[in-house]
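Student: What follows is the file target22.cif, containing mmCIF, N, CA, C and O atoms:
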```
data_my_file
loop_
_atom_site.label_atom_id
_atom_site.label_comp_id
_atom_site.auth_asym_id
_atom_site.auth_seq_id
_atom_site.Cartn_x
_atom_site.Cartn_y
_atom_site.Cartn_z
N MET F 1188 0.85 -1.18 0.00
CA MET F 1188 0.00 0.00 0.00
C MET F 1188 0.89 1.24 0.00
O MET F 1188 1.87 1.33 0.72
N GLU F 1189 0.55 2.19 -0.83
CA GLU F 1189 1.28 3.45 -0.90
C GLU F 1189 0.89 4.34 0.27
O GLU F 1189 -0.24 4.28 0.76
N LYS F 1190 1.82 5.20 0.70
CA LYS F 1190 1.55 6.08 1.83
C LYS F 1190 0.28 6.91 1.59
O LYS F 1190 -0.54 7.06 2.49
N GLN F 1191 0.10 7.42 0.40
CA GLN F 1191 -1.06 8.26 0.12
C GLN F 1191 -2.37 7.49 0.36
O GLN F 1191 -3.36 8.07 0.79
N GLU F 1192 -2.36 6.19 0.14
CA GLU F 1192 -3.55 5.38 0.37
C GLU F 1192 -3.93 5.31 1.85
O GLU F 1192 -5.09 5.08 2.18
N LEU F 1193 -2.96 5.52 2.74
CA LEU F 1193 -3.27 5.54 4.17
C LEU F 1193 -4.23 6.68 4.50
O LEU F 1193 -4.98 6.61 5.46
N TYR F 1194 -4.20 7.74 3.69
CA TYR F 1194 -5.07 8.89 3.93
C TYR F 1194 -6.51 8.63 3.48
O TYR F 1194 -7.39 9.43 3.74
N ASP F 1195 -6.75 7.49 2.83
CA ASP F 1195 -8.12 7.12 2.47
C ASP F 1195 -8.88 6.58 3.67
O ASP F 1195 -10.08 6.36 3.60
N VAL F 1196 -8.17 6.35 4.77
CA VAL F 1196 -8.75 5.74 5.96
C VAL F 1196 -8.82 6.78 7.08
O VAL F 1196 -7.83 7.44 7.37
N LEU F 1197 -9.99 6.92 7.68
CA LEU F 1197 -10.16 7.76 8.87
C LEU F 1197 -10.72 6.85 9.96
O LEU F 1197 -11.91 6.54 9.96
N PRO F 1198 -9.85 6.38 10.85
CA PRO F 1198 -10.32 5.44 11.87
C PRO F 1198 -11.44 6.04 12.73
O PRO F 1198 -11.41 7.22 13.07
N PRO F 1199 -12.42 5.22 13.10
CA PRO F 1199 -13.50 5.71 13.96
C PRO F 1199 -12.94 6.20 15.29
O PRO F 1199 -11.95 5.68 15.80
N VAL F 1200 -13.60 7.19 15.86
CA VAL F 1200 -13.15 7.78 17.13
C VAL F 1200 -13.01 6.72 18.21
O VAL F 1200 -12.06 6.74 19.00
N GLU F 1201 -13.91 5.75 18.24
CA GLU F 1201 -13.87 4.74 19.29
C GLU F 1201 -12.66 3.81 19.19
O GLU F 1201 -12.33 3.12 20.16
N GLU F 1202 -11.97 3.79 18.06
CA GLU F 1202 -10.76 2.98 17.92
C GLU F 1202 -9.50 3.75 18.29
O GLU F 1202 -8.42 3.17 18.36
N ARG F 1203 -9.62 5.03 18.55
CA ARG F 1203 -8.45 5.86 18.81
C ARG F 1203 -8.03 5.79 20.28
O ARG F 1203 -8.85 5.74 21.17
N ILE F 1204 -6.74 5.78 20.47
CA ILE F 1204 -6.14 5.70 21.80
C ILE F 1204 -5.55 7.06 22.14
O ILE F 1204 -4.78 7.61 21.36
N LYS F 1205 -5.91 7.60 23.30
CA LYS F 1205 -5.35 8.89 23.71
C LYS F 1205 -3.92 8.69 24.19
O LYS F 1205 -3.62 7.76 24.93
N SER F 1206 -3.05 9.60 23.78
CA SER F 1206 -1.66 9.54 24.19
C SER F 1206 -1.54 9.87 25.67
O SER F 1206 -2.01 10.92 26.11
N PRO F 1207 -0.88 9.02 26.44
CA PRO F 1207 -0.67 9.34 27.85
C PRO F 1207 0.25 10.55 28.02
O PRO F 1207 0.26 11.18 29.07
N LEU F 1208 1.01 10.90 26.98
CA LEU F 1208 1.92 12.03 27.06
C LEU F 1208 1.18 13.36 27.11
O LEU F 1208 1.68 14.33 27.67
N SER F 1209 0.01 13.43 26.52
CA SER F 1209 -0.70 14.71 26.44
C SER F 1209 -2.08 14.67 27.08
O SER F 1209 -2.82 15.63 26.99
N GLU F 1210 -2.40 13.58 27.74
CA GLU F 1210 -3.75 13.41 28.25
C GLU F 1210 -4.11 14.43 29.33
O GLU F 1210 -5.27 14.77 29.51
N GLY F 1211 -3.14 14.97 30.04
CA GLY F 1211 -3.42 15.88 31.14
C GLY F 1211 -3.72 17.30 30.73
O GLY F 1211 -4.10 18.12 31.57
N ASN F 1212 -3.59 17.64 29.46
CA ASN F 1212 -3.71 19.05 29.09
C ASN F 1212 -4.85 19.35 28.11
O ASN F 1212 -4.69 20.09 27.19
N GLY F 1213 -5.99 18.77 28.26
CA GLY F 1213 -7.13 19.10 27.39
C GLY F 1213 -6.97 18.55 25.98
O GLY F 1213 -7.53 17.53 25.66
N ALA F 1214 -6.22 19.26 25.14
CA ALA F 1214 -5.97 18.78 23.78
C ALA F 1214 -5.08 17.54 23.88
O ALA F 1214 -4.14 17.50 24.66
N CYS F 1215 -5.39 16.55 23.12
CA CYS F 1215 -4.70 15.28 23.28
C CYS F 1215 -4.47 14.62 21.93
O CYS F 1215 -5.39 14.52 21.12
N ALA F 1216 -3.25 14.16 21.71
CA ALA F 1216 -2.96 13.39 20.51
C ALA F 1216 -3.63 12.02 20.64
O ALA F 1216 -3.65 11.44 21.72
N THR F 1217 -4.20 11.56 19.56
CA THR F 1217 -4.80 10.23 19.54
C THR F 1217 -4.11 9.40 18.46
O THR F 1217 -3.62 9.94 17.46
N PHE F 1218 -4.08 8.10 18.68
CA PHE F 1218 -3.47 7.17 17.74
C PHE F 1218 -4.43 6.03 17.48
O PHE F 1218 -5.19 5.64 18.37
N ALA F 1219 -4.39 5.50 16.27
CA ALA F 1219 -5.24 4.36 15.93
C ALA F 1219 -4.55 3.53 14.85
O ALA F 1219 -3.79 4.06 14.03
N PRO F 1220 -4.82 2.23 14.85
CA PRO F 1220 -4.27 1.39 13.80
C PRO F 1220 -4.98 1.64 12.48
O PRO F 1220 -6.16 1.97 12.45
N ILE F 1221 -4.25 1.49 11.40
CA ILE F 1221 -4.83 1.50 10.06
C ILE F 1221 -4.63 0.09 9.51
O ILE F 1221 -3.50 -0.40 9.45
N ARG F 1222 -5.72 -0.54 9.14
CA ARG F 1222 -5.66 -1.92 8.67
C ARG F 1222 -6.15 -2.03 7.22
O ARG F 1222 -6.97 -1.24 6.79
N ASN F 1223 -5.62 -3.00 6.51
CA ASN F 1223 -6.10 -3.24 5.15
C ASN F 1223 -7.35 -4.10 5.21
O ASN F 1223 -7.82 -4.48 6.29
N SER F 1224 -7.89 -4.45 4.06
CA SER F 1224 -9.14 -5.20 4.02
C SER F 1224 -9.00 -6.61 4.61
O SER F 1224 -10.00 -7.20 5.02
N ALA F 1225 -7.78 -7.12 4.69
CA ALA F 1225 -7.54 -8.44 5.29
C ALA F 1225 -7.35 -8.35 6.80
O ALA F 1225 -7.19 -9.36 7.47
N GLY F 1226 -7.35 -7.12 7.34
CA GLY F 1226 -7.19 -6.94 8.77
C GLY F 1226 -5.76 -6.78 9.23
O GLY F 1226 -5.49 -6.70 10.43
N ASP F 1227 -4.82 -6.71 8.28
CA ASP F 1227 -3.41 -6.55 8.63
C ASP F 1227 -3.11 -5.10 8.98
O ASP F 1227 -3.59 -4.18 8.32
N LEU F 1228 -2.29 -4.90 10.00
CA LEU F 1228 -1.85 -3.56 10.38
C LEU F 1228 -0.90 -3.04 9.31
O LEU F 1228 0.11 -3.66 9.00
N ILE F 1229 -1.24 -1.89 8.71
CA ILE F 1229 -0.42 -1.35 7.63
C ILE F 1229 0.05 0.07 7.92
O ILE F 1229 0.86 0.62 7.19
N GLY F 1230 -0.48 0.69 8.96
CA GLY F 1230 -0.08 2.06 9.27
C GLY F 1230 -0.65 2.50 10.59
O GLY F 1230 -1.37 1.76 11.27
N VAL F 1231 -0.31 3.74 10.96
CA VAL F 1231 -0.77 4.33 12.22
C VAL F 1231 -1.31 5.72 11.93
O VAL F 1231 -0.67 6.51 11.23
N TYR F 1232 -2.49 5.99 12.47
CA TYR F 1232 -3.13 7.30 12.37
C TYR F 1232 -2.79 8.10 13.62
O TYR F 1232 -2.79 7.56 14.73
N GLN F 1233 -2.49 9.39 13.45
CA GLN F 1233 -2.34 10.30 14.58
C GLN F 1233 -3.27 11.47 14.35
O GLN F 1233 -3.22 12.13 13.32
N GLY F 1234 -4.14 11.72 15.33
CA GLY F 1234 -5.10 12.81 15.22
C GLY F 1234 -5.14 13.65 16.48
O GLY F 1234 -4.25 13.59 17.33
N ASP F 1235 -6.20 14.40 16.63
CA ASP F 1235 -6.38 15.34 17.74
C ASP F 1235 -7.74 15.09 18.38
O ASP F 1235 -8.76 15.12 17.70
N SER F 1236 -7.75 14.86 19.68
CA SER F 1236 -9.01 14.53 20.36
C SER F 1236 -9.99 15.70 20.34
O SER F 1236 -11.20 15.49 20.39
N GLN F 1237 -9.50 16.92 20.25
CA GLN F 1237 -10.37 18.09 20.24
C GLN F 1237 -11.00 18.32 18.86
O GLN F 1237 -12.00 19.01 18.75
N ASN F 1238 -10.38 17.79 17.83
CA ASN F 1238 -10.86 17.96 16.45
C ASN F 1238 -10.83 16.61 15.74
O ASN F 1238 -10.04 16.40 14.82
N PRO F 1239 -11.69 15.68 16.15
CA PRO F 1239 -11.60 14.31 15.62
C PRO F 1239 -11.89 14.16 14.13
O PRO F 1239 -11.55 13.15 13.54
N ASP F 1240 -12.50 15.18 13.50
CA ASP F 1240 -12.80 15.07 12.07
C ASP F 1240 -11.67 15.57 11.18
O ASP F 1240 -11.75 15.45 9.96
N LEU F 1241 -10.62 16.13 11.79
CA LEU F 1241 -9.48 16.59 10.98
C LEU F 1241 -8.77 15.39 10.37
O LEU F 1241 -8.79 14.29 10.93
N LEU F 1242 -8.12 15.63 9.27
CA LEU F 1242 -7.46 14.56 8.54
C LEU F 1242 -6.38 13.87 9.36
O LEU F 1242 -6.21 12.67 9.29
N GLY F 1243 -5.64 14.60 10.17
CA GLY F 1243 -4.58 13.99 10.97
C GLY F 1243 -3.38 13.61 10.12
O GLY F 1243 -3.26 14.00 8.97
N VAL F 1244 -2.48 12.83 10.71
CA VAL F 1244 -1.25 12.40 10.06
C VAL F 1244 -1.27 10.88 9.97
O VAL F 1244 -1.77 10.21 10.86
N ARG F 1245 -0.73 10.34 8.90
CA ARG F 1245 -0.62 8.90 8.75
C ARG F 1245 0.85 8.53 8.68
O ARG F 1245 1.64 9.22 8.05
N TYR F 1246 1.19 7.44 9.33
CA TYR F 1246 2.56 6.92 9.30
C TYR F 1246 2.54 5.50 8.75
O TYR F 1246 1.67 4.71 9.13
N THR F 1247 3.52 5.19 7.91
CA THR F 1247 3.73 3.79 7.58
C THR F 1247 4.30 3.14 8.84
O THR F 1247 4.74 3.84 9.77
N LEU F 1248 4.33 1.83 8.89
CA LEU F 1248 4.88 1.16 10.07
C LEU F 1248 6.36 1.51 10.26
O LEU F 1248 6.80 1.74 11.38
N ASP F 1249 7.11 1.59 9.16
CA ASP F 1249 8.53 1.95 9.26
C ASP F 1249 8.70 3.37 9.80
O ASP F 1249 9.57 3.62 10.64
N GLU F 1250 7.87 4.29 9.36
CA GLU F 1250 7.95 5.66 9.85
C GLU F 1250 7.60 5.74 11.34
O GLU F 1250 8.26 6.45 12.10
N PHE F 1251 6.59 4.99 11.75
CA PHE F 1251 6.19 5.02 13.15
C PHE F 1251 7.29 4.44 14.04
O PHE F 1251 7.60 5.00 15.09
N HIS F 1252 7.90 3.35 13.60
CA HIS F 1252 9.01 2.77 14.37
C HIS F 1252 10.17 3.75 14.45
O HIS F 1252 10.78 3.90 15.51
N ALA F 1253 10.50 4.40 13.35
CA ALA F 1253 11.60 5.38 13.34
C ALA F 1253 11.31 6.53 14.28
O ALA F 1253 12.19 7.00 15.00
N MET F 1254 10.05 7.00 14.30
CA MET F 1254 9.68 8.10 15.20
C MET F 1254 9.83 7.65 16.66
O MET F 1254 10.40 8.35 17.48
N ALA F 1255 9.34 6.47 16.98
CA ALA F 1255 9.44 5.96 18.35
C ALA F 1255 10.90 5.76 18.75
O ALA F 1255 11.30 6.11 19.87
N ASP F 1256 11.71 5.22 17.85
CA ASP F 1256 13.13 5.03 18.14
C ASP F 1256 13.82 6.37 18.34
O ASP F 1256 14.68 6.52 19.21
N GLY F 1257 13.43 7.36 17.53
CA GLY F 1257 14.02 8.70 17.65
C GLY F 1257 13.69 9.34 18.99
O GLY F 1257 14.55 9.96 19.64
N ILE F 1258 12.46 9.20 19.43
CA ILE F 1258 12.06 9.75 20.72
C ILE F 1258 12.82 9.04 21.84
O ILE F 1258 13.30 9.68 22.78
N ASP F 1259 12.98 7.73 21.72
CA ASP F 1259 13.72 6.98 22.73
C ASP F 1259 15.18 7.43 22.76
O ASP F 1259 15.76 7.58 23.84
N ALA F 1260 15.79 7.67 21.61
CA ALA F 1260 17.17 8.15 21.56
C ALA F 1260 17.31 9.52 22.21
O ALA F 1260 18.28 9.78 22.93
N ILE F 1261 16.35 10.41 21.97
CA ILE F 1261 16.38 11.73 22.60
C ILE F 1261 16.24 11.60 24.11
O ILE F 1261 16.96 12.24 24.87
N ARG F 1262 15.34 10.72 24.56
CA ARG F 1262 15.17 10.49 25.99
C ARG F 1262 16.47 10.02 26.63
O ARG F 1262 16.87 10.55 27.67
N ARG F 1263 17.15 9.08 26.01
CA ARG F 1263 18.42 8.58 26.55
C ARG F 1263 19.48 9.68 26.55
O ARG F 1263 20.23 9.81 27.52
N ALA F 1264 19.54 10.47 25.48
CA ALA F 1264 20.53 11.54 25.40
C ALA F 1264 20.33 12.59 26.49
O ALA F 1264 21.29 13.20 26.99
N LEU F 1265 19.07 12.78 26.90
CA LEU F 1265 18.77 13.73 27.96
C LEU F 1265 18.93 13.11 29.35
O LEU F 1265 18.78 13.80 30.36
N GLY F 1266 19.26 11.83 29.38
CA GLY F 1266 19.45 11.14 30.66
C GLY F 1266 18.16 10.83 31.37
O GLY F 1266 18.13 10.69 32.60
N LEU F 1267 17.09 10.68 30.62
CA LEU F 1267 15.79 10.38 31.23
C LEU F 1267 15.48 8.90 31.17
O LEU F 1267 15.85 8.20 30.32
#
```
Kindly present the structure from the file in structure tokens form.
Tutor:
Amino acid sequence: MEKQELYDVLPPVEERIKSPLSEGNGACATFAPIRNSAGDLIGVYQGDSQNPDLLGVRYTLDEFHAMADGIDAIRRALGL
């Protein structure tokens, strides 16, 4: 699946998970799986709990892993 095709999917609000990183401050990042017609995980949706109808951002699995690894590297560099 091409990255642009991930934008054809808008996960239902009830499938979205609120980020524990931003849950305390009103506006909250939400994440949801993007699956193909066979039910395979093919991407990750990131949206905003205050504006659930906005398009949001889509990540391929490789992009999402790279983002998570990058955040972990920054955390270690800061000694956290």
Student: Could you tell me how far CA of Arg1222 in chain F lies from CA of Asp1259 in chain F, in Å and to one decimal?
Tutor: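 Pair CA of Arg1222 in chain F / CA of Asp1259 in chain F returns 25.5 Å.
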Student: If the PyMOL selection byres ((chain F and resi 1243) around 5) is run on the structure shown, which residues does it catch, given as JSON, numbers by chain?
Tutor: {"F": [1233, 1234, 1241, 1242, 1244, 1245]}
Student: Determine, counting only C-alpha atoms, which protein, DNA and RNA residues have an atom within 12 Å of an atom of range 1194-1200 of chain F; residues of the same chain fewer than 4 positions away are not included. Present the result as a PyMOL selection string.
Tutor: chain F and resi 1188-1190+1204-1205+1217-1224+1229-1247
Student: List every residue of chain F that DSSP, applied to the backbone of this structure, places in strand (DSSP E or B), and write the result as a PyMOL selection string.
Tutor: chain F and resi 1204-1205+1216-1222+1228-1235+1244-1247
Student: Could you find all residues in chain F that DSSP calls alpha helix (DSSP H) from the backbone, and write them as a PyMOL selection string?
Tutor: chain F and resi 1190-1193+1248-1264
Student: Could you tell me how far CA of Arg1263 in chain F lies from CA of Arg1203 in chain F, in Å and to one decimal?
Tutor: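 Separation of CA of Arg1263 in chain F and CA of Arg1203 in chain F: 28.1 Å.
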Student: At what distance in Å, to one decimal, does CA of His1252 in chain F lie from CA of Leu1193 in chain F?
Tutor: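 So the answer is 16.2 Å.
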Student: Starting from the sparse input, extend range 1244-1255 of chain F to all heavy atoms and give the output as a short mmCIF file (atom, residue, chain, number, x, y, z; two decimals), in the coordinates of the input.
Tutor:
```cif
data_model
loop_
_atom_site.label_atom_id
_atom_site.label_comp_id
_atom_site.auth_asym_id
_atom_site.auth_seq_id
_atom_site.Cartn_x
_atom_site.Cartn_y
_atom_site.Cartn_z
N VAL F 1244 -2.48 12.83 10.71
CA VAL F 1244 -1.25 12.40 10.06
C VAL F 1244 -1.27 10.88 9.97
O VAL F 1244 -1.77 10.21 10.86
CB VAL F 1244 -0.02 12.86 10.88
CG1 VAL F 1244 1.28 12.38 10.26
CG2 VAL F 1244 -0.01 14.36 11.03
N ARG F 1245 -0.73 10.34 8.90
CA ARG F 1245 -0.62 8.90 8.75
C ARG F 1245 0.85 8.53 8.68
O ARG F 1245 1.64 9.22 8.05
CB ARG F 1245 -1.31 8.40 7.47
CG ARG F 1245 -2.73 8.85 7.27
CD ARG F 1245 -3.65 8.48 8.41
NE ARG F 1245 -5.05 8.62 8.08
CZ ARG F 1245 -5.73 9.75 8.07
NH1 ARG F 1245 -5.14 10.87 8.39
NH2 ARG F 1245 -7.01 9.76 7.77
N TYR F 1246 1.19 7.44 9.33
CA TYR F 1246 2.56 6.92 9.30
C TYR F 1246 2.54 5.50 8.75
O TYR F 1246 1.67 4.71 9.13
CB TYR F 1246 3.16 6.86 10.71
CG TYR F 1246 3.25 8.18 11.40
CD1 TYR F 1246 2.31 8.55 12.35
CD2 TYR F 1246 4.28 9.08 11.11
CE1 TYR F 1246 2.39 9.77 13.01
CE2 TYR F 1246 4.36 10.30 11.76
CZ TYR F 1246 3.41 10.64 12.71
OH TYR F 1246 3.49 11.85 13.34
N THR F 1247 3.52 5.19 7.91
CA THR F 1247 3.73 3.79 7.58
C THR F 1247 4.30 3.14 8.84
O THR F 1247 4.74 3.84 9.77
CB THR F 1247 4.74 3.62 6.42
OG1 THR F 1247 6.01 4.10 6.85
CG2 THR F 1247 4.27 4.35 5.16
N LEU F 1248 4.33 1.83 8.89
CA LEU F 1248 4.88 1.16 10.07
C LEU F 1248 6.36 1.51 10.26
O LEU F 1248 6.80 1.74 11.38
CB LEU F 1248 4.68 -0.35 9.97
CG LEU F 1248 3.21 -0.79 9.99
CD1 LEU F 1248 3.12 -2.31 9.88
CD2 LEU F 1248 2.49 -0.29 11.22
N ASP F 1249 7.11 1.59 9.16
CA ASP F 1249 8.53 1.95 9.26
C ASP F 1249 8.70 3.37 9.80
O ASP F 1249 9.57 3.62 10.64
CB ASP F 1249 9.22 1.84 7.89
CG ASP F 1249 9.43 0.40 7.46
OD1 ASP F 1249 9.40 -0.51 8.33
OD2 ASP F 1249 9.64 0.17 6.26
N GLU F 1250 7.87 4.29 9.36
CA GLU F 1250 7.95 5.66 9.85
C GLU F 1250 7.60 5.74 11.34
O GLU F 1250 8.26 6.45 12.10
CB GLU F 1250 6.99 6.58 9.09
CG GLU F 1250 7.41 6.85 7.67
CD GLU F 1250 6.34 7.59 6.89
OE1 GLU F 1250 5.12 7.38 7.12
OE2 GLU F 1250 6.73 8.38 6.01
N PHE F 1251 6.59 4.99 11.75
CA PHE F 1251 6.19 5.02 13.15
C PHE F 1251 7.29 4.44 14.04
O PHE F 1251 7.60 5.00 15.09
CB PHE F 1251 4.87 4.27 13.36
CG PHE F 1251 4.28 4.50 14.71
CD1 PHE F 1251 3.62 5.68 15.00
CD2 PHE F 1251 4.39 3.55 15.71
CE1 PHE F 1251 3.08 5.92 16.26
CE2 PHE F 1251 3.85 3.76 16.96
CZ PHE F 1251 3.20 4.95 17.24
N HIS F 1252 7.90 3.35 13.60
CA HIS F 1252 9.01 2.77 14.37
C HIS F 1252 10.17 3.75 14.45
O HIS F 1252 10.78 3.90 15.51
CB HIS F 1252 9.48 1.45 13.75
CG HIS F 1252 8.58 0.30 14.05
ND1 HIS F 1252 8.64 -0.41 15.22
CD2 HIS F 1252 7.58 -0.25 13.33
CE1 HIS F 1252 7.71 -1.36 15.21
NE2 HIS F 1252 7.06 -1.28 14.07
N ALA F 1253 10.50 4.40 13.35
CA ALA F 1253 11.60 5.38 13.34
C ALA F 1253 11.31 6.53 14.28
O ALA F 1253 12.19 7.00 15.00
CB ALA F 1253 11.85 5.89 11.91
N MET F 1254 10.05 7.00 14.30
CA MET F 1254 9.68 8.10 15.20
C MET F 1254 9.83 7.65 16.66
O MET F 1254 10.40 8.35 17.48
CB MET F 1254 8.24 8.53 14.93
CG MET F 1254 7.78 9.66 15.84
SD MET F 1254 6.08 10.17 15.56
CE MET F 1254 5.16 8.75 16.12
N ALA F 1255 9.34 6.47 16.98
CA ALA F 1255 9.44 5.96 18.35
C ALA F 1255 10.90 5.76 18.75
O ALA F 1255 11.30 6.11 19.87
CB ALA F 1255 8.66 4.65 18.48
#
```
